[in-house]
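J.: One structure is given below, represented as structure tokens, and several questions about it will come after.
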Amino acid sequence: MKRFLALLATCATALGLTALSSPQAAAATGCKVDYTVTSQWQGGFQAGVKITNLGDPVSGWTLKFTLPDAGQKVVQGWSGTWSQSGSTVTAAGADWNRTLATGASTEMGFVGSFTGANPKPTAFTLNGVACTGSVEEPPPGPGPGPDPGPNDGTPVGINGQLHVCGVHLCNQYNRPIQLRGMSTHGIQWFSRCYNNASLDALAKDWKSDLLRIAMYVQESGYETDPAGFTSRVNNLVDMAEARGMYAVIDFHTLTPGDPNYNLDRAKTFFASVAARNAGKKNVIYEIANEPNGVSWAAVKSYAEQVIPVIRAADPDAVVIVGTRGWSSLGVSDGSNESEVINNPVNATNIMYAFHFYAASHKDTYRAALSRAASKLPLFVSEFGTVTATGGGTMDRASTTAWLDLLDQLKIGYANWTYSDAPESSAAFRPGTCGGSDYSSSGVLNESGSLLKARISTPDNFPVN
């Protein structure tokens with residue numbers, strides 16, 4: 001997406017980066033913690049922590065434990081707010097997992113470092129109560145039991161782990177599918193738009209197959225707080241997974257346009273999120289949003305250095321590679337799809353990004369996409385119903401022509417944006433986010449109304 005209005009960005013950044021206050025935590029009466037070192041390397045390790053509440057429901061929780069060796073440090077955590085003082089580690093629940101019913105579990109984890117031994121902690125407390133695997137007093141009645149997880153009828157439940165077959169995105173039955181969904185705006189500006197209510201609406205009312213998580217690298221994004229933004233992305237991956245949606249992790253490079261400027265940052269980020277999410281079936285990695293002002297050779301070189309980092313931790317996930325000219329297959333730079341067809345990225349299980357804005361990009365772009373679709377696996381990881389600036393009047397006729405073409409070719413897409421930004425590309429009217437309604441005609445812009453109507457039609461995913 002082109003640069004958002006500077007003044008609004010400054011204000012929204014302040015809103016988006018404001019920490020949410022935690023509700024007062026109730027006393028826990030019993031709990032169990034499963035601590036697992038999932039991988040270890042010289043001087044570092046990754047650990048998973050599963051918390052199960054065996055007692056009364058809690059509306060907020062804090063987990064504490066002690067690292068036995070003085071050289072052990074928490075470097076970066078996810079699915080909660082992590083801190084360390086001396087050898088004591090504290091992790092507080094995030095807004096989406098801080099409520100634990102009787103019998104419910106939540107999973108979190110961290111990347112750590114160590115200088116000597118790396119023994120496992122043995123003593124855990126939840127809201128001050130020792131997690132011994134039993135309860136201090138029996139609860140008043142049988143609890144509801146563990147969360148059964150996403151229903152089998154969800155997009156992830158039906159399709160499972162995705163892969164590229166030929167020029168298509170295919171499901172676990174090796175059948176071509178089309179995923180349809182929405183993209184966040186920059187999570188540094190509009191984090192208030194991505195909460196339990198909004199994602200429930202996206203999954204249940206919009207019937208979206210995916211959530212694209214737009215993590216800007218510059219513009220008050222990842223480079224200002226790598227650990228914090230990585231944690232936000234991971235939290236949104238978990239929230240999408242809990243609702244049976246796929247999550248596209250978008251490394252939203254925009255300015256400067258050469259992705260190699262962020263090569264080291266990309267390697268660090270993708271090494272972390274790939275290691276953390278490798279066991280999930282719902283993750284797709286988008287490694288460079290919109291390369292611009294740079295050759296395809298440079299973009300290809302970047303991709304061939306970042307993809308192996310992902311593959312080292314997560315060998316099975318689909319990777320989307322940005323293309324030249326704002327991910328237009330070079331069309332916006334006066335080129336065409338032949339540069340990619342004749343010089344493809346040296347990697348497997350990848351797709352190529354194609355972006356368009358319907359009021360600006362019409363027949364020439366549709367022709368390029370149509371030609372390329374017979375030779376390249378394509379994914380429209382971002383598109384708008386308006387002009388390339390994100391503003392202007394929605395072009396209904398061009399948008400409909402584009403969506404009909406994508407449906408015909410079984411090319412997946414994510415619309416810009418599932419937000420209440422004061423621009424016509426946004427799905428919601430300003431002021432919607434933070435409320436409880438993300439679906440009715442009263443909160444939808446013209447663009448949001450059109451996209452909700454298209455996305456909510458049945459997917460009819462093939463299963464045999």
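Residue numbering restarts at 1 in every chain; chains get A, B, ... in the order shown in the structure tokens, and ligands count up from 1 in that same order.
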Do you know which residues are at most 10 Å from Gln305 in chain A counting only C-alpha atoms, after dropping those on the same chain fewer than 4 positions away, and could you put them as a list in words?

T.: Asn260, Leu263, Asp264, Ala266, Lys267, Lys300, Ser301, Val309 and Ile310 of chain A

J.: Please identify all polymer residues within 9 Å of Phe124 in chain A, counting only C-alpha atoms, omitting same-chain residues fewer than 3 positions from it, and present them as a list in words.

T.: Lys32, Val33, Leu63, Lys64, Phe65, Thr66, Pro121, Gly128, Val129, Ala130, Cys131 and Thr132 of chain A

J.: Give one line per residue of range 239-295 of chain A that approaches range 99-109 of chain A to at most 12 Å, naming the two atoms of the closest pair and their distance in Å to one decimal, counting only C-alpha atoms; sort by chain then ascending residue number and deliver it as a tab-separated table.

T.:
residue	atom	partner	partner_atom	distance
A:Met239	CA	A:Thr106	CA	11.7
A:Ala242	CA	A:Thr106	CA	10.8
A:Ser272	CA	A:Gly109	CA	11.6
A:Val273	CA	A:Gly109	CA	11.6
A:Ala275	CA	A:Gly109	CA	11.0
A:Arg276	CA	A:Gly109	CA	8.0
A:Asn277	CA	A:Gly109	CA	10.6

J.: Which residues come within 9 Å of Pro226 in chain A, counting only C-alpha atoms, excluding same-chain residues fewer than 5 positions away, as a VMD selection string?

T.: chain A and resid 221 231 265 269

J.: What is the distance between CA of Pro259 in chain A and CA of Gly186 in chain A, in Å to one decimal?

T.: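 If I compute the distance from CA of Pro259 in chain A to CA of Gly186 in chain A, I get 17.7 Å.
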
J.: So which residues of range 160-373 of chain A fall under strand (DSSP E or B) by DSSP, listed as a ChimeraX atom specification?

T.: /A:163-165,168-170,176,180-183,210-216,246-252,283-286,319-321,350-357

J.: Just checking: using only C-alpha atoms, which residue out of A:Glu423, A:Glu337, A:Asp56, A:Asp205 ends up closest to Gly390 in chain A?

T.: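 The answer is A:Glu423, which sits nearest to Gly390 in chain A.
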
J.: When you draw a straight line from CA of Phe379 in chain A to CA of Gln178 in chain A, how long is it in Å?

T.: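 That distance, rounded to one decimal, is 9.3 Å.
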
J.: CA of Arg311 in chain A and CA of Trp78 in chain A, how far apart in Å?

T.: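 It comes out at 20.9 Å.
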
J.: Counting only C-alpha atoms, which of A:Phe270, A:Tyr438, A:Tyr413, A:Trp326 gets nearest to Ser295 in chain A?

T.: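 With only C-alpha atoms as the atom set, the closest residue is A:Trp326.
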
J.: Find the residues near range 380-389 of chain A: any atom within 8 Å, counting only C-alpha atoms, skip ones fewer than 6 places away on the same chain, and give them as a count of residues only.

T.: 27

J.: Ranking A:Ser85, A:Ala274, A:Phe114, A:Glu286 by minimum distance to Asp314 in chain A and counting only C-alpha atoms, which one comes first?

T.: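 Of A:Ser85, A:Ala274, A:Phe114, A:Glu286, the one nearest Asp314 in chain A, counting only C-alpha atoms, is A:Ala274.
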
J.: Tell me, as a VMD selection string, which residues lie within 10 Å of Phe461 in chain A, counting only C-alpha atoms; anything in the same chain fewer than 3 positions away does not count.

T.: chain A and resid 155 158 to 159 171 175 to 179 458 464

J.: Residues near Ser113 in chain A, anyone? I mean within 8 Å using only C-alpha atoms, not counting same-chain ones fewer than 5 positions away, as a VMD selection string.

T.: chain A and resid 43 to 45 71 to 75

J.: Can you write just those residues out, C-alpha atoms, as a JSON list (two decimals), in the first residue's frame?

T.:
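What landed in result-v6.json:
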[["chain", "number", "residue", "atom", "x", "y", "z"],
["A", 43, "GLY", "CA", 24.14, -20.43, 22.95],
["A", 44, "GLY", "CA", 20.42, -20.40, 22.21],
["A", 45, "PHE", "CA", 17.17, -22.34, 22.45],
["A", 71, "GLY", "CA", 23.30, -17.59, 32.14],
["A", 72, "GLN", "CA", 19.77, -18.26, 30.90],
["A", 73, "LYS", "CA", 17.94, -15.25, 29.45],
["A", 74, "VAL", "CA", 14.62, -14.70, 27.68],
["A", 75, "VAL", "CA", 15.41, -12.94, 24.40]]

J.: Between A:Tyr173, A:Phe190, A:Tyr352, A:Leu162, which one has atoms that come closest to Pro430 in chain A, using only C-alpha atoms?

T.: A:Phe190

J.: So that I can see what lies close to range 91-98 of chain A, please list as a ChimeraX atom specification the residues with an atom at most 7 Å from it, counting only C-alpha atoms and leaving out residues fewer than 4 positions away in the same chain.

T.: /A:59-64,79-83,106,196

J.: What parts of range 137-222 of chain A does DSSP call helix (DSSP H, G or I)? I'd like the answer as a PyMOL selection string.

T.: chain A and resi 155-159+191-193+196-204+222

J.: For Ser39 in chain A, which residue among A:Ser191, A:Ala367, A:Ala313, A:Gly55 is the nearest when counting only C-alpha atoms?

T.: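 Among A:Ser191, A:Ala367, A:Ala313, A:Gly55, it is A:Ala313 that comes nearest to Ser39 in chain A.
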